[in-house]
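Written out below as structure tokens is the structure these notes cover.
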Amino acid sequence: MTTPSEHLIVIPGEMDATQLEGAIGKLRVRVDSPLAPIAFQLWDFFDQSLRQAGKVLVEFDNRFLLISGGGGCVMQSAQRSGNFVSDLESGPVKQGLRKVPPLRALLESGAGQLEIRRIGVLDSLQKTQARAVVHTLRSDDGVVTLVLMQRLRGYDKAFAVLETALTHLATAKAQVIDAFQPIRPNLACYTTKPNFGFGSDTPIYDAVTEIIQGFLDVVRANEAGIVADHDTEFLHDYRVAIRKIRSVLNACKGVYSPGQMNALNQSFDDLMAPTGRLRDLDVQELDQAGYFEIVPENLHPGLNLMARAFHKQRMAEHRKFAKYLSSRPYQKTIRALAAQVSEAGALEPGPKADQAGVRFARKMILKRYKKLQQAVQAGGKHASDAQLHDMRVHCKRLRYALELFAPLFPSEGVKPVLKSLKKAQEDLGAFNDCVVQQDALKRFLNTHAAKSKADSREIALSVGGVVTVLTHRQSIAREKSVAHLSRLGSPEYQKNLRQILTAPETKE
Amino acid sequence: MKVIACYSNKGGVGKTATSVNLAYAYAQSGARVLLCDLDPQGASSFYLRVKPSKKLTETRFFEDVERFTKAIRASDFENLDILPANMTFRDFDVFLSRMRNSRSRLKKALRAVDGDYDVVLLDCPPNISVLSESVFRAADTVVVPVIPTILSERTLEQLVAFFDENKLNKRKLVAFFSMVQGQKSLHVGTMERLRKDYMKMFLKTVMPFSTDVERMGIHRAPVRTYAPKRPAGKAFHSLWQELEARGKKK
Ligand SMILES: Nc1ncnc2c1ncn2[C@@H]1O[C@H](COP(=O)(O)OP(=O)(O)O)[C@@H](O)[C@H]1O
Ligand SMILES: [Mg+2]
């Protein structure tokens, strides 16, 4: 037998090798006794990009097996210096992960015991004509069987016969990932955009509860990424998910009892509060890279001094926040909240709980629109910073409401309405960033104790340079925002909005 | 890739037994091995349970290289493949010369799944005197089993003379005593004499006459798979060790 080329067949559940007899003609199956069970682990990234690509990464016996969606597979040594993709030895598995950012860490997504058995297909001379290694992966929850077929030179026919027989037991190739589902049933799917099952006839109580549930999952799915500090996106997504929940609660007075509403608001405010400082520092670090490009080189030393100071603060703040996320009280709180939200009827209904979602949402969205309209009118062409800020908040509220309750309305209509809203928001966001950045820089100047007078002069010079550019940018963003906003406030936009919101009723 | 031929112009001296067991030993050591069964009787194929390939007898080798290499079969042992070729003498000649030519289609087609074979072992049929020269040129090592009798002594003399006449490299020749019956004074005496005459040619390993070797026909597997601790099993292993050591010295 020369070194075998491998071929994988995934079978849901256990495989009964005796089932192969009869399916392989005159040949016979020999099943060796199993080797002592060993541990296996399933790996994925925080955002489950492997699973979403239909791939599975298994580790056992110090080897990685990467199974692609189509059922193809590659193997390499699992020797590694750490869990980042860049820490893996070079080989076909690393090659298969090349699209993953190198500083993304592998996280365990399942584990259990693996039993390995060899099976052979023999002819009348007891000569092995085909061979396969059966890997039975058992977790506390379920079983999946991986059969690695080995091609024996000169026995293509027997290989094909065995392959056909195994394929009959196997899962359709496109569903490899589904066969793994039973062994990690509790793995929540990572996404920042949960899929909601409600529709136009869902009562508002159910729709809102489902939205909260969905985004609470998003909140939790980001925890690991924040703790591991893979990317600042996790904290951002964590916060956006909480913000969306708060926005929904805010818009849905009467869906829950006042007491319930207060409790929920309090819970989510409490979740949001500790995130602010770290997010500010993240943004600071992200922005800083850009500062080097907007001021001349002679101002870079000051920027470097500032960057170092911020980085130190950020590291400290991240440590603090990661500790908080991993703490028992936090975990207990969030688990209890998730349990409460997902238990049917556990949230105390309010007077409007039974209203049809469509009706409730339409009224609420129109109300939000009106508020935006008023804010736009109040500000006019020469809106103050405070007024623009106001408009930005109302824009965001309207957008969240439209996005979150979109399943209630015909989707073709919502898209264009959302699009112009998004555009306005982008400019408002750019405007706001300029404001926030300048504030942060000024605060830094006022509070930071530089090591020397020379240092503090360098920093002041650099910050001055940056602020000049930011002020200029701010005024451009302001102009663009005002233009977009006036379009949002127009009767035409209002007409479109009304139309999509009324569409389902005319259909009824 | 190194080519090892098990050769003797006498039949029944243990060429096939040696080929199969050496091939197994090399494969066990991690080398990728192709055992070429050049005997029309297909004895080594029989020992590895591989059915002889009927089609090949009708195929002129040099006309259809692919067809030939398609006949290669994986044995039941890791790293060990077998070419159950019962080819005509003429084909055999072409086979040998092309095997060493790195640009020939044969050389390419012979490649194992993941690269070249490390060792190609030729189990030569008896009575190939016409073609002996091709074997000697193609092989890096010619392993000659010698039963310590007067007749074998003569045979070996002839072989060495042939090498001299044809200016072949005599260092390729590696002999060992086969089917030795230690209680026979004739064997003992002949061995002493031959060792003196061909000092460097003989390996230290002595292959005893043993029913364990004969039982290969019943087990249809290399001796070490069923009798690793018995004298014959040990002898095949040390035969391999000595050949390996010699190969490294070169
Ligand atoms: N060391 C040995 N002891 C006993 N019998 C042997 C030994 N080597 C080979 N034989 C037997 O002698 C016969 C011929 O051996 P074989 O290897 O086929 O020789 P060759 O290939 O040179 O014709 C076979 O029946 C084989 O089992
Ligand atoms: Mg023979």
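Here, A, B, ... name the chains of the structure tokens in the order displayed, residue numbers run from 1 inside each chain, and ligands are numbered from 1 in the same displayed order.
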Using only C-alpha atoms, determine which residues lie at most 9 Å from Asp206 of chain A, disregarding the query and same-chain residues fewer than 5 positions distant; provide the list as a PDB file with C-alpha atoms, in the first residue's frame.
```pdb
ATOM      1  CA  PHE A 198     -42.473  36.943  12.774  1.00  0.00           C
ATOM      2  CA  ILE A 211     -36.308  41.008  18.546  1.00  0.00           C
ATOM      3  CA  ALA A 353     -49.430  43.525  23.938  1.00  0.00           C
ATOM      4  CA  ASP A 354     -52.074  41.905  21.747  1.00  0.00           C
ATOM      5  CA  GLY A 357     -47.589  44.057  15.017  1.00  0.00           C
TER       6      GLY A 357
END
```
Residues contacting ligand 1 - anything with an atom at most 8 Å away, using only C-alpha atoms and all ligand atoms - can you give me those as JSON, numbers by chain?
{"B": [7, 8, 10, 11, 12, 13, 14, 15, 16, 17, 18, 19, 43, 123, 124, 125, 126, 145, 178, 179, 180, 207, 208, 209, 210, 211, 212, 213, 214, 215, 216, 217, 232]}
From the list B:Val146, B:Leu122, B:Ala235, B:Leu34, which residue is nearest ligand 2 when using only C-alpha atoms and all ligand atoms?
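Looking only at the distances to ligand 2, the closest residue turns out to be B:Leu122.
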Residues of segment 223-428 of chain A in helix (DSSP H, G or I), written as a CSV table (one decimal) with C-alpha atoms, in the first residue's frame:
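Listing of part12.csv after writing:
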```csv
chain,number,residue,atom,x,y,z
A,223,GLU,CA,-18.4,38.3,24.4
A,224,ALA,CA,-15.7,35.8,23.5
A,225,GLY,CA,-14.4,38.0,20.7
A,226,ILE,CA,-14.2,41.0,23.0
A,227,VAL,CA,-12.4,39.0,25.8
A,228,ALA,CA,-9.9,37.6,23.3
A,233,GLU,CA,-15.7,45.1,15.9
A,234,PHE,CA,-16.9,42.8,18.6
A,235,LEU,CA,-17.4,45.5,21.2
A,236,HIS,CA,-19.0,47.6,18.5
A,237,ASP,CA,-21.4,44.8,17.6
A,238,TYR,CA,-22.1,44.1,21.2
A,239,ARG,CA,-23.0,47.8,21.8
A,240,VAL,CA,-25.1,48.0,18.6
A,241,ALA,CA,-27.1,45.0,19.6
A,242,ILE,CA,-27.9,46.5,23.0
A,243,ARG,CA,-28.7,49.8,21.4
A,244,LYS,CA,-31.1,48.2,19.1
A,245,ILE,CA,-32.9,46.5,22.0
A,246,ARG,CA,-33.1,49.8,23.9
A,247,SER,CA,-34.4,51.5,20.8
A,248,VAL,CA,-37.1,48.9,20.4
A,249,LEU,CA,-38.1,49.1,24.1
A,250,ASN,CA,-38.2,52.8,23.8
A,251,ALA,CA,-40.5,52.7,20.9
A,258,PRO,CA,-44.8,49.6,33.1
A,259,GLY,CA,-43.0,47.6,35.8
A,260,GLN,CA,-41.6,45.2,33.3
A,261,MET,CA,-40.6,47.9,30.9
A,262,ASN,CA,-38.7,49.7,33.7
A,263,ALA,CA,-36.9,46.5,34.7
A,264,LEU,CA,-35.9,45.8,31.1
A,265,ASN,CA,-34.8,49.3,30.4
A,266,GLN,CA,-32.7,49.2,33.6
A,267,SER,CA,-31.1,45.9,32.6
A,268,PHE,CA,-30.0,47.1,29.2
A,269,ASP,CA,-28.9,50.5,30.5
A,270,ASP,CA,-26.8,48.6,33.0
A,271,LEU,CA,-25.3,46.4,30.2
A,272,MET,CA,-24.5,49.5,28.1
A,273,ALA,CA,-22.9,51.6,30.8
A,274,PRO,CA,-19.6,49.9,31.3
A,275,THR,CA,-18.9,49.6,27.5
A,276,GLY,CA,-18.6,53.4,26.8
A,277,ARG,CA,-15.1,54.0,27.9
A,278,LEU,CA,-13.5,51.1,26.1
A,279,ARG,CA,-15.4,52.0,22.9
A,280,ASP,CA,-14.2,55.6,23.1
A,281,LEU,CA,-10.6,54.3,23.4
A,282,ASP,CA,-11.1,51.9,20.5
A,283,VAL,CA,-12.4,54.7,18.4
A,284,GLN,CA,-9.5,56.8,19.5
A,285,GLU,CA,-7.0,54.1,18.4
A,286,LEU,CA,-8.8,53.6,15.1
A,287,ASP,CA,-8.8,57.3,14.4
A,288,GLN,CA,-5.3,57.9,15.4
A,289,ALA,CA,-3.9,55.9,12.4
A,290,GLY,CA,-5.6,58.5,10.2
A,291,TYR,CA,-4.1,61.5,12.1
A,292,PHE,CA,-0.7,60.7,10.8
A,293,GLU,CA,-1.9,61.2,7.3
A,294,ILE,CA,-3.6,64.5,7.9
A,297,GLU,CA,5.6,64.8,9.5
A,298,ASN,CA,7.0,67.4,11.9
A,299,LEU,CA,3.9,66.9,14.0
A,300,HIS,CA,4.2,63.1,14.1
A,301,PRO,CA,6.4,63.0,17.3
A,302,GLY,CA,3.5,64.5,19.3
A,303,LEU,CA,1.1,62.1,17.8
A,304,ASN,CA,3.3,59.2,18.8
A,305,LEU,CA,3.5,60.4,22.3
A,306,MET,CA,-0.3,60.7,22.4
A,307,ALA,CA,-0.8,57.3,20.7
A,308,ARG,CA,1.3,55.6,23.3
A,309,ALA,CA,-0.6,57.2,26.1
A,310,PHE,CA,-3.9,56.2,24.6
A,311,HIS,CA,-2.8,52.7,23.9
A,312,LYS,CA,-1.8,52.2,27.5
A,313,GLN,CA,-5.2,53.4,28.7
A,314,ARG,CA,-6.9,51.2,26.2
A,315,MET,CA,-5.0,48.1,27.3
A,316,ALA,CA,-5.9,48.8,30.9
A,317,GLU,CA,-9.5,49.5,30.1
A,318,HIS,CA,-9.7,46.3,28.0
A,319,ARG,CA,-8.3,44.2,30.8
A,320,LYS,CA,-10.9,45.7,33.1
A,321,PHE,CA,-13.8,45.1,30.7
A,322,ALA,CA,-12.7,41.6,29.8
A,323,LYS,CA,-12.5,40.7,33.5
A,324,TYR,CA,-16.0,42.1,33.9
A,325,LEU,CA,-17.4,40.1,31.0
A,326,SER,CA,-15.9,36.9,32.3
A,328,ARG,CA,-19.5,35.4,37.6
A,329,PRO,CA,-22.0,38.2,38.4
A,330,TYR,CA,-22.1,39.4,34.7
A,331,GLN,CA,-22.5,35.9,33.4
A,332,LYS,CA,-25.2,35.2,35.9
A,333,THR,CA,-27.1,38.4,35.0
A,334,ILE,CA,-27.0,37.9,31.3
A,335,ARG,CA,-27.9,34.3,31.5
A,336,ALA,CA,-30.9,35.1,33.7
A,337,LEU,CA,-31.9,37.9,31.3
A,338,ALA,CA,-31.7,35.5,28.3
A,339,ALA,CA,-33.7,32.9,30.2
A,340,GLN,CA,-36.4,35.3,31.1
A,341,VAL,CA,-36.7,36.7,27.5
A,342,SER,CA,-36.9,33.3,25.9
A,357,GLY,CA,-47.6,44.1,15.0
A,358,VAL,CA,-48.2,45.7,11.7
A,359,ARG,CA,-50.6,48.3,13.1
A,360,PHE,CA,-48.5,49.0,16.1
A,361,ALA,CA,-45.3,49.3,14.2
A,362,ARG,CA,-46.8,51.5,11.5
A,363,LYS,CA,-48.0,54.0,14.1
A,364,MET,CA,-44.8,54.0,15.9
A,365,ILE,CA,-42.7,54.4,12.8
A,366,LEU,CA,-44.8,57.3,11.6
A,367,LYS,CA,-44.4,58.9,15.0
A,368,ARG,CA,-40.7,58.5,14.8
A,369,TYR,CA,-40.7,60.0,11.3
A,370,LYS,CA,-42.7,63.0,12.5
A,371,LYS,CA,-40.2,63.6,15.2
A,372,LEU,CA,-37.4,63.5,12.7
A,373,GLN,CA,-39.3,65.9,10.4
A,374,GLN,CA,-39.8,68.3,13.3
A,375,ALA,CA,-36.1,68.2,14.2
A,376,VAL,CA,-35.1,68.8,10.6
A,377,GLN,CA,-37.5,71.7,10.4
A,378,ALA,CA,-36.3,73.2,13.7
A,379,GLY,CA,-32.7,73.1,12.5
A,380,GLY,CA,-33.2,74.2,9.0
A,381,LYS,CA,-30.2,75.1,6.8
A,382,HIS,CA,-28.2,76.6,9.6
A,385,ASP,CA,-24.3,71.3,16.4
A,386,ALA,CA,-26.9,70.4,19.1
A,387,GLN,CA,-29.7,70.4,16.5
A,388,LEU,CA,-27.7,68.3,14.1
A,389,HIS,CA,-27.1,65.9,17.0
A,390,ASP,CA,-30.8,65.8,17.6
A,391,MET,CA,-31.5,65.0,14.0
A,392,ARG,CA,-28.9,62.2,14.1
A,393,VAL,CA,-30.6,60.6,17.0
A,394,HIS,CA,-34.0,60.7,15.4
A,395,CYS,CA,-32.6,59.4,12.1
A,396,LYS,CA,-31.1,56.4,14.0
A,397,ARG,CA,-34.3,55.7,15.8
A,398,LEU,CA,-36.3,55.7,12.6
A,399,ARG,CA,-33.8,53.5,10.9
A,400,TYR,CA,-33.7,50.9,13.7
A,401,ALA,CA,-37.5,50.8,13.8
A,402,LEU,CA,-37.7,50.3,10.1
A,403,GLU,CA,-35.0,47.7,10.1
A,404,LEU,CA,-36.2,45.8,13.1
A,406,ALA,CA,-39.1,45.1,8.4
A,407,PRO,CA,-40.5,41.6,8.4
A,408,LEU,CA,-43.9,43.1,9.0
A,411,SER,CA,-39.5,44.0,1.8
A,412,GLU,CA,-39.3,45.6,-1.6
A,413,GLY,CA,-40.7,48.8,-0.3
A,414,VAL,CA,-38.5,49.2,2.8
A,415,LYS,CA,-35.2,49.0,0.9
A,416,PRO,CA,-35.2,52.4,-0.9
A,417,VAL,CA,-36.6,54.2,2.1
A,418,LEU,CA,-33.9,52.8,4.2
A,419,LYS,CA,-31.3,53.6,1.6
A,420,SER,CA,-31.7,57.4,1.7
A,421,LEU,CA,-31.9,57.2,5.5
A,422,LYS,CA,-28.6,55.4,5.6
A,423,LYS,CA,-27.0,58.0,3.4
A,424,ALA,CA,-28.1,60.8,5.6
A,425,GLN,CA,-26.8,58.9,8.6
A,426,GLU,CA,-23.4,58.3,7.1
A,427,ASP,CA,-22.9,62.0,6.7
A,428,LEU,CA,-24.3,62.7,10.1
```
Pull out every residue of chain B that has at least one atom within 10 Å of chain A, counting only C-alpha atoms, and report them as number ranges by chain.
B: 27, 31-34, 46, 48-51, 69-83, 112-115, 117, 220
Computed interatomic separation between atom CA of Leu35 of chain A and atom CA of Val223 of chain B (Å):
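Between these atoms lies a distance of 25.7 Å.
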